[in-house]
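Colleague: Input protein.cif, format and content: mmCIF, C-alpha atoms.
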data_run
loop_
_atom_site.label_atom_id
_atom_site.label_comp_id
_atom_site.auth_asym_id
_atom_site.auth_seq_id
_atom_site.Cartn_x
_atom_site.Cartn_y
_atom_site.Cartn_z
CA MET A 26 37.03 4.58 -36.89
CA LYS A 27 33.79 3.81 -34.99
CA GLN A 28 32.14 2.49 -38.15
CA THR A 29 35.15 0.20 -38.81
CA ARG A 30 35.03 -1.16 -35.26
CA ALA A 31 31.26 -1.74 -35.46
CA GLY A 32 31.74 -3.54 -38.76
CA LYS A 33 34.32 -5.89 -37.20
CA ILE A 34 31.98 -6.69 -34.31
CA LYS A 35 29.16 -7.49 -36.74
CA THR A 36 31.43 -9.72 -38.79
CA LEU A 37 32.51 -11.66 -35.68
CA ALA A 38 28.88 -12.10 -34.58
CA LEU A 39 27.86 -13.41 -38.00
CA GLY A 40 30.86 -15.73 -38.08
CA ALA A 41 29.90 -17.17 -34.69
CA ALA A 42 26.34 -17.73 -35.91
CA LEU A 43 27.47 -19.54 -39.05
CA LEU A 44 29.96 -21.66 -37.14
CA GLY A 45 27.36 -22.61 -34.57
CA SER A 46 24.72 -23.44 -37.20
CA SER A 47 27.02 -25.82 -39.02
CA ALA A 48 27.87 -27.55 -35.74
CA GLY A 49 24.29 -28.39 -34.73
CA ALA A 50 21.66 -25.80 -35.62
CA VAL A 51 18.08 -26.82 -34.87
CA ASN A 52 16.03 -24.06 -36.50
CA LEU A 53 16.37 -21.78 -39.49
CA ASP A 54 14.24 -18.65 -39.04
CA PHE A 55 12.81 -16.29 -41.67
CA GLY A 56 10.73 -13.16 -41.05
CA VAL A 57 9.38 -10.10 -42.83
CA SER A 58 7.82 -7.11 -41.03
CA TYR A 59 6.20 -3.88 -42.16
CA GLN A 60 4.68 -0.97 -40.24
CA VAL A 61 2.60 2.12 -41.02
CA ASP A 62 1.93 5.15 -38.81
CA THR A 63 0.23 8.52 -39.12
CA GLY A 64 3.47 10.37 -38.40
CA ARG A 65 5.24 8.93 -41.42
CA THR A 66 7.31 11.13 -43.68
CA ALA A 67 8.21 10.33 -47.26
CA GLY A 68 10.72 7.54 -47.60
CA ASN A 69 11.52 4.30 -49.33
CA PHE A 70 9.94 0.93 -48.54
CA TRP A 71 12.86 -0.40 -46.46
CA GLN A 72 12.64 2.50 -43.97
CA TYR A 73 9.46 0.90 -42.62
CA ALA A 74 10.16 -2.79 -43.28
CA ALA A 75 12.49 -5.47 -41.93
CA ALA A 76 13.55 -8.75 -43.48
CA ARG A 77 15.50 -11.16 -41.26
CA VAL A 78 17.10 -14.59 -41.56
CA GLY A 79 18.70 -16.37 -38.64
CA VAL A 80 19.33 -19.54 -36.68
CA SER A 81 18.11 -20.51 -33.20
CA GLU A 82 18.45 -23.28 -30.61
CA VAL A 83 22.10 -23.87 -31.50
CA SER A 84 23.88 -25.78 -28.73
CA ALA A 85 26.97 -23.84 -27.61
CA LEU A 86 28.99 -23.49 -24.39
CA GLY A 87 26.44 -25.43 -22.38
CA GLY A 88 23.53 -23.23 -23.49
CA THR A 89 21.73 -22.26 -26.68
CA LEU A 90 22.73 -19.64 -29.21
CA SER A 91 20.59 -17.65 -31.64
CA ALA A 92 21.74 -15.19 -34.29
CA GLY A 93 20.36 -13.35 -37.26
CA VAL A 94 20.88 -10.60 -39.79
CA SER A 95 18.35 -8.20 -41.27
CA ASN A 96 18.36 -5.03 -43.33
CA ARG A 97 18.28 -3.13 -40.00
CA ALA A 98 20.70 -4.95 -37.71
CA VAL A 99 22.67 -8.04 -36.80
CA ASP A 100 21.64 -9.77 -33.57
CA LEU A 101 23.04 -12.40 -31.25
CA GLY A 102 21.45 -14.12 -28.25
CA TYR A 103 22.60 -16.64 -25.67
CA ALA A 104 20.49 -18.54 -23.11
CA LEU A 105 21.69 -20.73 -20.26
CA GLY A 106 19.90 -22.77 -17.63
CA LEU A 107 21.40 -24.35 -14.52
CA SER A 108 19.90 -26.72 -11.97
CA LEU A 109 21.22 -26.22 -8.44
CA PRO A 110 19.76 -28.94 -6.24
CA PRO A 111 18.58 -28.78 -3.58
CA LEU A 112 18.27 -24.98 -3.77
CA GLY A 113 16.50 -24.56 -7.09
CA ALA A 114 17.38 -23.42 -10.60
CA VAL A 115 18.81 -20.42 -12.44
CA SER A 116 18.23 -19.38 -16.06
CA SER A 117 19.48 -16.38 -18.00
CA ARG A 118 19.36 -14.85 -21.46
CA THR A 119 21.45 -12.08 -23.02
CA ASP A 120 20.68 -10.37 -26.33
CA LEU A 121 22.82 -8.01 -28.39
CA ALA A 122 21.77 -6.10 -31.51
CA LEU A 123 23.96 -3.81 -33.61
CA THR A 124 22.26 -1.66 -36.23
CA TRP A 125 23.90 -0.86 -39.54
CA ARG A 126 23.84 2.81 -38.50
CA GLY A 127 26.02 2.11 -35.48
CA GLY A 128 23.41 1.84 -32.73
CA LEU A 129 23.59 -0.81 -30.01
CA ARG A 130 21.05 -2.57 -27.82
CA LEU A 131 22.19 -4.91 -25.05
CA SER A 132 19.84 -6.62 -22.61
CA SER A 133 20.10 -9.42 -20.10
CA ARG A 134 17.61 -11.19 -17.85
CA ALA A 135 18.05 -13.82 -15.15
CA THR A 136 15.57 -15.79 -13.07
CA GLY A 137 16.28 -18.00 -10.10
CA THR A 138 14.54 -19.92 -7.35
CA ALA A 139 15.74 -20.92 -3.90
CA GLY A 140 13.20 -22.58 -1.67
CA PRO A 141 10.12 -20.36 -1.39
CA VAL A 142 11.83 -17.36 -3.04
CA ALA A 143 11.89 -16.60 -6.77
CA LEU A 144 13.80 -13.67 -8.28
CA ASN A 145 13.52 -12.12 -11.75
CA ALA A 146 16.04 -9.41 -12.67
CA GLY A 147 16.75 -7.60 -15.92
CA ALA A 148 18.93 -4.79 -17.22
CA SER A 149 19.42 -3.07 -20.58
CA PHE A 150 21.67 -0.50 -22.20
CA PHE A 151 20.90 1.05 -25.57
CA THR A 152 22.08 3.82 -27.88
CA THR A 153 19.26 3.44 -30.40
CA SER A 154 15.52 2.88 -30.19
CA ALA A 155 13.87 -0.54 -30.11
CA THR A 156 12.05 0.23 -33.35
CA ALA A 157 15.39 0.73 -35.12
CA VAL A 158 15.84 -3.05 -34.78
CA ASP A 159 12.20 -4.24 -34.85
CA PRO A 160 9.58 -1.99 -36.50
CA LEU A 161 6.79 -3.59 -34.41
CA ALA A 162 8.57 -3.29 -31.04
CA ALA A 163 6.41 -0.37 -29.83
CA TRP A 164 3.23 -2.48 -29.68
CA THR A 165 4.20 -5.55 -27.69
CA PHE A 166 1.97 -6.63 -24.81
CA ALA A 167 4.64 -5.84 -22.22
CA PRO A 168 5.59 -2.14 -22.45
CA THR A 169 8.74 -1.37 -24.46
CA ASP A 170 11.05 1.51 -23.52
CA LEU A 171 11.01 3.66 -26.68
CA ARG A 172 13.76 6.09 -25.74
CA ASP A 173 16.60 6.54 -28.24
CA ARG A 174 19.25 5.89 -25.59
CA GLY A 175 19.44 5.08 -21.92
CA LEU A 176 19.69 2.52 -19.14
CA ALA A 177 16.93 0.48 -17.53
CA ALA A 178 16.67 -2.21 -14.86
CA ASP A 179 13.98 -4.11 -13.00
CA LEU A 180 13.75 -6.60 -10.16
CA THR A 181 10.82 -8.70 -8.95
CA ALA A 182 10.89 -10.91 -5.85
CA ARG A 183 8.19 -13.48 -5.13
CA TYR A 184 7.81 -15.26 -1.80
CA ARG A 185 5.56 -18.31 -1.51
CA VAL A 186 3.76 -17.89 1.80
CA ASN A 187 1.93 -21.20 1.36
CA ARG A 188 0.66 -23.40 -1.45
CA THR A 189 -1.96 -20.89 -2.57
CA LEU A 190 -0.57 -17.47 -1.53
CA VAL A 191 2.40 -15.53 -2.97
CA ALA A 192 3.76 -12.13 -1.88
CA VAL A 193 5.27 -9.93 -4.61
CA LEU A 194 7.71 -6.99 -4.32
CA GLY A 195 9.42 -5.24 -7.20
CA ALA A 196 10.94 -2.11 -8.72
CA GLU A 197 11.52 -0.63 -12.18
CA LEU A 198 14.34 1.85 -12.82
CA GLY A 199 14.80 3.87 -15.99
CA ALA A 200 12.54 6.38 -17.68
CA GLN A 201 10.04 6.08 -14.79
CA ASN A 202 11.35 4.89 -11.43
CA GLN A 203 8.57 2.91 -9.76
CA GLY A 204 7.92 0.25 -7.17
CA PHE A 205 5.08 -2.18 -6.60
CA VAL A 206 3.83 -4.64 -4.00
CA GLY A 207 1.11 -7.22 -4.15
CA LEU A 208 -0.41 -10.54 -3.18
CA GLU A 209 -1.45 -13.41 -5.46
CA SER A 210 -3.91 -16.09 -4.42
CA ARG A 211 -4.42 -19.22 -6.49
CA ARG A 212 -7.38 -21.56 -6.38
CA ASP A 213 -7.49 -24.94 -8.10
CA LEU A 214 -10.65 -25.70 -10.04
CA THR A 215 -11.73 -29.34 -9.89
CA ARG A 216 -14.54 -31.61 -10.98
CA VAL A 217 -15.87 -34.82 -9.50
CA LEU A 218 -15.14 -37.97 -11.48
CA ALA A 219 -17.82 -40.53 -12.09
CA PRO A 220 -17.45 -43.49 -9.74
CA SER A 221 -15.98 -46.67 -11.16
CA GLU A 222 -17.50 -50.07 -10.69
CA GLY A 223 -16.46 -51.53 -7.38
CA ASP A 224 -15.63 -48.18 -5.72
CA ASP A 225 -16.46 -47.91 -2.02
CA PRO A 226 -19.54 -45.63 -1.81
CA THR A 227 -18.54 -44.49 1.69
CA LEU A 228 -15.33 -42.82 0.43
CA GLU A 229 -15.04 -39.29 -0.90
CA PRO A 230 -15.49 -39.21 -4.70
CA ALA A 231 -12.34 -38.80 -6.77
CA THR A 232 -11.67 -35.42 -8.39
CA GLU A 233 -9.39 -34.04 -11.08
CA ARG A 234 -8.08 -30.53 -11.63
CA THR A 235 -9.59 -28.70 -14.60
CA GLY A 236 -7.75 -25.40 -14.21
CA THR A 237 -6.69 -22.59 -11.89
CA LEU A 238 -8.03 -19.19 -10.95
CA THR A 239 -5.49 -16.61 -9.72
CA PHE A 240 -6.43 -13.34 -8.02
CA ARG A 241 -4.03 -10.37 -7.70
CA ALA A 242 -4.19 -7.23 -5.54
CA GLY A 243 -1.56 -4.61 -4.81
CA ALA A 244 -0.28 -1.08 -5.32
CA ARG A 245 2.14 0.77 -7.63
CA THR A 246 3.89 4.05 -6.89
CA GLY A 247 6.64 6.20 -8.38
CA GLN A 248 7.19 8.76 -11.12
CA GLY A 249 3.94 9.51 -12.88
CA VAL A 250 1.63 7.13 -11.01
CA LEU A 251 0.20 6.24 -7.61
CA GLY A 252 -2.56 3.68 -7.60
CA VAL A 253 -4.05 0.38 -6.53
CA THR A 254 -3.93 -2.67 -8.77
CA GLY A 255 -5.97 -5.81 -9.19
CA GLY A 256 -6.38 -8.64 -11.62
CA LEU A 257 -7.25 -12.26 -12.27
CA THR A 258 -6.16 -15.09 -14.53
CA TYR A 259 -8.16 -18.14 -15.53
CA ALA A 260 -6.19 -21.06 -17.00
CA THR A 261 -7.30 -24.56 -18.00
CA GLU A 262 -5.32 -27.78 -18.17
CA ALA A 263 -5.82 -27.74 -21.96
CA GLY A 264 -3.83 -24.49 -22.28
CA LEU A 265 -6.61 -21.90 -22.53
CA SER A 266 -5.66 -18.75 -20.58
CA LEU A 267 -7.50 -15.47 -19.93
CA GLY A 268 -5.97 -12.60 -17.98
CA LEU A 269 -7.21 -9.16 -16.92
CA ASP A 270 -5.40 -6.52 -14.84
CA ALA A 271 -6.36 -2.99 -13.86
CA LEU A 272 -4.84 0.06 -12.17
CA ALA A 273 -6.70 3.05 -10.73
CA GLY A 274 -5.23 6.09 -9.03
CA ARG A 275 -3.49 9.39 -9.69
CA GLY A 276 -1.03 9.92 -12.50
CA GLN A 277 -0.54 10.75 -16.15
CA MET A 278 -3.79 10.95 -18.13
CA GLY A 279 -4.30 10.49 -21.85
CA SER A 280 -4.45 14.27 -22.29
CA GLY A 281 -0.94 14.66 -20.86
CA ASN A 282 -2.21 16.23 -17.62
CA THR A 283 -2.03 14.77 -14.14
CA GLY A 284 -5.16 13.61 -12.35
CA PHE A 285 -7.27 10.51 -11.90
CA THR A 286 -6.03 7.80 -14.24
CA TYR A 287 -6.60 4.13 -14.88
CA GLY A 288 -5.05 1.34 -16.89
CA LEU A 289 -6.31 -1.96 -18.29
CA THR A 290 -4.47 -4.92 -19.78
CA ALA A 291 -6.09 -8.08 -21.09
CA SER A 292 -4.96 -11.17 -22.96
CA VAL A 293 -6.38 -14.50 -24.09
CA THR A 294 -4.42 -17.51 -25.34
CA VAL A 295 -6.23 -20.29 -27.18
CA PRO A 296 -4.44 -23.50 -28.23
CA GLU A 297 -5.44 -25.71 -31.16
CA LEU A 298 -8.01 -23.18 -32.45
CA LEU A 299 -6.43 -23.11 -35.93
CA GLY A 300 -5.67 -26.83 -35.96
CA GLU A 301 -3.48 -29.30 -34.15
CA GLY A 302 -0.26 -27.74 -32.94
CA SER A 303 -1.52 -24.17 -33.43
CA SER A 304 -1.75 -21.29 -30.98
CA LEU A 305 -3.57 -17.94 -31.00
CA ARG A 306 -3.09 -15.04 -28.59
CA LEU A 307 -4.99 -11.74 -28.51
CA TYR A 308 -4.01 -8.86 -26.24
CA SER A 309 -4.71 -5.21 -25.50
CA ALA A 310 -3.17 -2.70 -23.09
CA TYR A 311 -4.16 0.85 -22.18
CA GLU A 312 -1.72 2.52 -19.76
CA PRO A 313 -1.81 6.33 -20.20
CA TRP A 314 0.45 6.85 -17.19
CA ARG A 315 3.47 5.40 -19.01
CA THR A 316 5.64 8.17 -20.49
CA ALA A 317 8.36 6.17 -22.29
CA SER A 318 6.13 3.48 -23.85
CA ALA A 319 3.13 3.46 -26.16
CA PRO A 320 0.10 3.91 -23.87
CA LEU A 321 -2.22 1.97 -26.22
CA ARG A 322 -1.14 -1.41 -27.59
CA VAL A 323 -3.17 -4.16 -29.25
CA GLY A 324 -2.13 -7.30 -31.06
CA ALA A 325 -2.88 -10.78 -32.36
CA GLU A 326 -0.24 -13.51 -32.59
CA ALA A 327 -0.85 -16.84 -34.31
CA SER A 328 1.31 -19.85 -35.10
CA LEU A 329 0.49 -23.13 -36.82
CA PRO A 330 2.32 -26.05 -38.41
CA LEU A 331 2.95 -25.69 -42.12
CA GLY A 332 4.91 -28.33 -44.00
CA PRO A 333 8.03 -29.35 -42.07
CA GLY A 334 8.07 -26.12 -40.04
CA GLN A 335 5.98 -23.57 -38.16
CA LEU A 336 4.32 -20.48 -39.67
CA SER A 337 3.73 -17.40 -37.50
CA LEU A 338 1.72 -14.23 -38.09
CA ASP A 339 1.72 -11.15 -35.83
CA LEU A 340 -0.60 -8.16 -36.21
CA ARG A 341 0.08 -5.22 -33.89
CA GLY A 342 -0.95 -1.62 -33.52
CA GLY A 343 -1.40 1.21 -31.08
CA ARG A 344 -0.88 4.88 -30.29
CA SER A 345 2.24 6.62 -29.02
CA ALA A 346 2.39 9.07 -26.12
CA GLY A 347 2.49 11.86 -28.71
CA GLY A 348 -0.78 10.70 -30.27
CA THR A 349 0.69 9.02 -33.36
CA ALA A 350 -1.29 5.92 -34.34
CA GLY A 351 0.17 3.01 -36.26
CA PHE A 352 -0.02 -0.68 -37.04
CA GLY A 353 2.14 -3.38 -38.54
CA ALA A 354 2.40 -7.06 -39.46
CA ARG A 355 5.04 -9.77 -39.37
CA VAL A 356 5.11 -13.11 -41.18
CA GLY A 357 7.67 -15.67 -40.04
CA TYR A 358 8.62 -19.27 -40.72
CA ARG A 359 10.72 -21.60 -38.57
CA LEU A 360 12.27 -24.61 -40.29
CA PRO A 361 13.80 -27.36 -38.10
CA LEU A 362 17.17 -28.49 -39.40
CA GLY A 363 17.83 -31.27 -36.88
CA GLY A 364 20.56 -31.38 -34.25
CA SER A 365 20.81 -32.14 -30.57
CA GLY A 366 18.23 -29.61 -29.41
CA ALA A 367 14.48 -29.54 -29.77
CA SER A 368 12.52 -27.08 -31.81
CA ASP A 369 10.45 -24.57 -29.89
CA SER A 370 7.70 -23.50 -32.22
CA GLY A 371 5.84 -21.47 -29.68
CA SER A 372 6.61 -18.09 -28.20
CA THR A 373 7.23 -17.19 -24.59
CA PRO A 374 4.16 -15.44 -23.26
CA ASP A 375 4.51 -11.95 -21.91
CA THR A 376 3.60 -11.37 -18.30
CA THR A 377 3.22 -8.08 -16.50
CA THR A 378 2.70 -7.06 -12.90
CA PRO A 379 0.37 -4.06 -12.83
#
Take the structure in the file and write it out as structure tokens.

Modeller:
Amino acid sequence: MKQTRAGKIKTLALGAALLGSSAGAVNLDFGVSYQVDTGRTAGNFWQYAAARVGVSEVSALGGTLSAGVSNRAVDLGYALGLSLPPLGAVSSRTDLALTWRGGLRLSSRATGTAGPVALNAGASFFTTSATAVDPLAAWTFAPTDLRDRGLAADLTARYRVNRTLVAVLGAELGAQNQGFVGLESRRDLTRVLAPSEGDDPTLEPATERTGTLTFRAGARTGQGVLGVTGGLTYATEAGLSLGLDALAGRGQMGSGNTGFTYGLTASVTVPELLGEGSSLRLYSAYEPWRTASAPLRVGAEASLPLGPGQLSLDLRGGRSAGGTAGFGARVGYRLPLGGSGASDSGSTPDTTTP
């Protein structure tokens, strides 16, 4: 009975995707993934691979719809953005995935601004692991909850004290209940422009912004960790971005014992390195105090124009809390089909608050 009901839900989701794509689909998405790990047991090729086809950026119900089907699951996503002048804006996204074995993953995230306050809240419910849908999910830059079933939620509040200073307060609930506080200070980097002919020499020379430098300091406490945090981000107007964050304190160590521990995360994003319209991001994260996520994660993500569409390549790897090492790759292609929306060939960068 449960399998019949799950099958009906999957059929309805696919029907909605096909209906939406015919009405005004913008992108047709293809992807193939494969992963290898040291804990592997004998099995066929498709146990460790995923092949997916889907549509994205379909205008529906005032927002955008995405949907796809793979040998592992059928998925459906919906995003909506609202402008609420003079208060601010609200955006949200909800994703649903149903595996062919009957597992479910449902997640939703909303962000909103009102004056100097910005809120970011998320929640998820799942009865199967993230890797049951995406074989590379364990090694994303942001930590992925790898439990087979459970509930999770998080909330981050940011208050702009002034133009250069932001106070941060947040909490994570789920496998490890934790809270964090911090301050972020941003400094604009500028350069002096050469004077033009006829400029008044008694006036201050004109300048232009070349980038920003952001400093972070704070603390994190909760199950499995108690420590201070710090980090910095350098970003240029051309799109180059480098970030580094660290945690030091008491908590879970790589050996599984409790004592002094530390964590490091780093990322660099370089635009146009592989040609016009391309993007390359490299990242690494070592967080031994996390018990429900892979403590070591590394990856490289590249995208570049190819023919009428955009080619993407992801290489990821890492080590699980149990010591199992693995790596994987994904090749994808996004083909614009036209419609009322605009193609988004890039990916949304991951951000974390240490």

Colleague: Applying 10 Å and all atoms listed in the file, which residues near range 171-184 of chain A remain after dropping the ones on its own chain fewer than 3 positions away? List them as a PyMOL selection string.

Modeller: chain A and resi 128-157+162-163+168+187+190-209+316-319+345+378

Colleague: Could you tell me how far CA of Thr232 in chain A lies from CA of Leu298 in chain A, in Å and to one decimal?

Modeller: 27.2 Å

Colleague: What do you get, as a PDB file with C-alpha atoms, keeping the file's coordinate frame, if you spell out every residue that the PyMOL selection byres ((chain A and resi 322-325) around 6) selects here?

Modeller:
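See part-v8.pdb below for the written result:
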ATOM      1  CA  TRP A 164       3.230  -2.480 -29.680  1.00  0.00           C
ATOM      2  CA  ARG A 306      -3.090 -15.040 -28.590  1.00  0.00           C
ATOM      3  CA  LEU A 307      -4.990 -11.740 -28.510  1.00  0.00           C
ATOM      4  CA  TYR A 308      -4.010  -8.860 -26.240  1.00  0.00           C
ATOM      5  CA  SER A 309      -4.710  -5.210 -25.500  1.00  0.00           C
ATOM      6  CA  ALA A 310      -3.170  -2.700 -23.090  1.00  0.00           C
ATOM      7  CA  LEU A 321      -2.220   1.970 -26.220  1.00  0.00           C
ATOM      8  CA  GLU A 326      -0.240 -13.510 -32.590  1.00  0.00           C
ATOM      9  CA  ASP A 339       1.720 -11.150 -35.830  1.00  0.00           C
ATOM     10  CA  LEU A 340      -0.600  -8.160 -36.210  1.00  0.00           C
ATOM     11  CA  ARG A 341       0.080  -5.220 -33.890  1.00  0.00           C
ATOM     12  CA  GLY A 342      -0.950  -1.620 -33.520  1.00  0.00           C
ATOM     13  CA  GLY A 343      -1.400   1.210 -31.080  1.00  0.00           C
TER      14      GLY A 343
END

Colleague: So the first atom is CA of Val51 in chain A and the second is CA of Arg97 in chain A; what is the distance between them in Å, to one decimal place?

Modeller: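 Atom-to-atom, CA of Val51 in chain A to CA of Arg97 in chain A, that is 24.2 Å.
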
Colleague: Mind pulling up the distance from CA of Val295 in chain A to CA of Gly102 in chain A?

Modeller: 28.4 Å

Colleague: So what does the PyMOL selection byres ((chain A and resi 79) around 9) actually pick up in this one, as an NGL selection string?

Modeller: :A and (42 or 52-56 or 77-78 or 80-81 or 91-95 or 100)

Colleague: Which residues would end up in the selection if the PyMOL selection byres ((chain A and resi 336) around 8) were applied here, given that I need the answer as a VMD selection string?

Modeller: chain A and resid 328 to 331 334 to 335 337 to 338 356 to 359

Colleague: Compare A:Thr165, A:Leu101, A:Gly363, A:Leu272 by their minimum atom-to-atom distance to Arg245 in chain A, counting only C-alpha atoms, and give me the closest one.

Modeller: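 Closest to Arg245 in chain A of all the choices is A:Leu272.
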
Colleague: May I have the protein, DNA and RNA residues with an atom at most 10 Å from (3.3, 9.0, -33.4), counting all atoms listed in the file in the file's coordinates, returned as a PyMOL selection string?

Modeller: chain A and resi 62-65+319+343-351

Colleague: From the block you just saw, export range 97-110 of chain A: N, CA and C atoms, as a JSON list (two decimals), in the first residue's frame.

Modeller:
[["chain", "number", "residue", "atom", "x", "y", "z"],
["A", 97, "ARG", "N", 17.82, 7.14, -8.97],
["A", 97, "ARG", "CA", 17.72, 7.06, -7.52],
["A", 97, "ARG", "C", 16.43, 7.65, -6.98],
["A", 98, "ALA", "N", 15.95, 8.74, -7.59],
["A", 98, "ALA", "CA", 14.82, 9.45, -7.02],
["A", 98, "ALA", "C", 14.16, 10.35, -8.04],
["A", 99, "VAL", "N", 13.00, 10.87, -7.66],
["A", 99, "VAL", "CA", 12.35, 11.95, -8.39],
["A", 99, "VAL", "C", 12.33, 13.16, -7.46],
["A", 100, "ASP", "N", 12.62, 14.34, -8.00],
["A", 100, "ASP", "CA", 12.73, 15.52, -7.14],
["A", 100, "ASP", "C", 11.93, 16.68, -7.71],
["A", 101, "LEU", "N", 11.52, 17.56, -6.80],
["A", 101, "LEU", "CA", 10.70, 18.72, -7.16],
["A", 101, "LEU", "C", 11.10, 19.87, -6.25],
["A", 102, "GLY", "N", 11.29, 21.05, -6.84],
["A", 102, "GLY", "CA", 11.66, 22.23, -6.07],
["A", 102, "GLY", "C", 10.86, 23.44, -6.48],
["A", 103, "TYR", "N", 10.62, 24.35, -5.54],
["A", 103, "TYR", "CA", 9.87, 25.56, -5.83],
["A", 103, "TYR", "C", 10.49, 26.72, -5.08],
["A", 104, "ALA", "N", 10.78, 27.82, -5.79],
["A", 104, "ALA", "CA", 11.37, 29.01, -5.19],
["A", 104, "ALA", "C", 10.48, 30.21, -5.44],
["A", 105, "LEU", "N", 10.41, 31.09, -4.44],
["A", 105, "LEU", "CA", 9.54, 32.26, -4.52],
["A", 105, "LEU", "C", 10.23, 33.44, -3.86],
["A", 106, "GLY", "N", 10.16, 34.59, -4.50],
["A", 106, "GLY", "CA", 10.70, 35.81, -3.93],
["A", 106, "GLY", "C", 9.66, 36.91, -3.91],
["A", 107, "LEU", "N", 9.61, 37.67, -2.81],
["A", 107, "LEU", "CA", 8.63, 38.74, -2.66],
["A", 107, "LEU", "C", 9.33, 40.01, -2.18],
["A", 108, "SER", "N", 8.97, 41.12, -2.78],
["A", 108, "SER", "CA", 9.46, 42.42, -2.34],
["A", 108, "SER", "C", 8.39, 43.08, -1.50],
["A", 109, "LEU", "N", 8.77, 43.54, -0.31],
["A", 109, "LEU", "CA", 7.81, 44.12, 0.62],
["A", 109, "LEU", "C", 8.25, 45.53, 1.03],
["A", 110, "PRO", "N", 8.20, 46.47, 0.10],
["A", 110, "PRO", "CA", 8.61, 47.83, 0.45],
["A", 110, "PRO", "C", 7.61, 48.45, 1.43]]
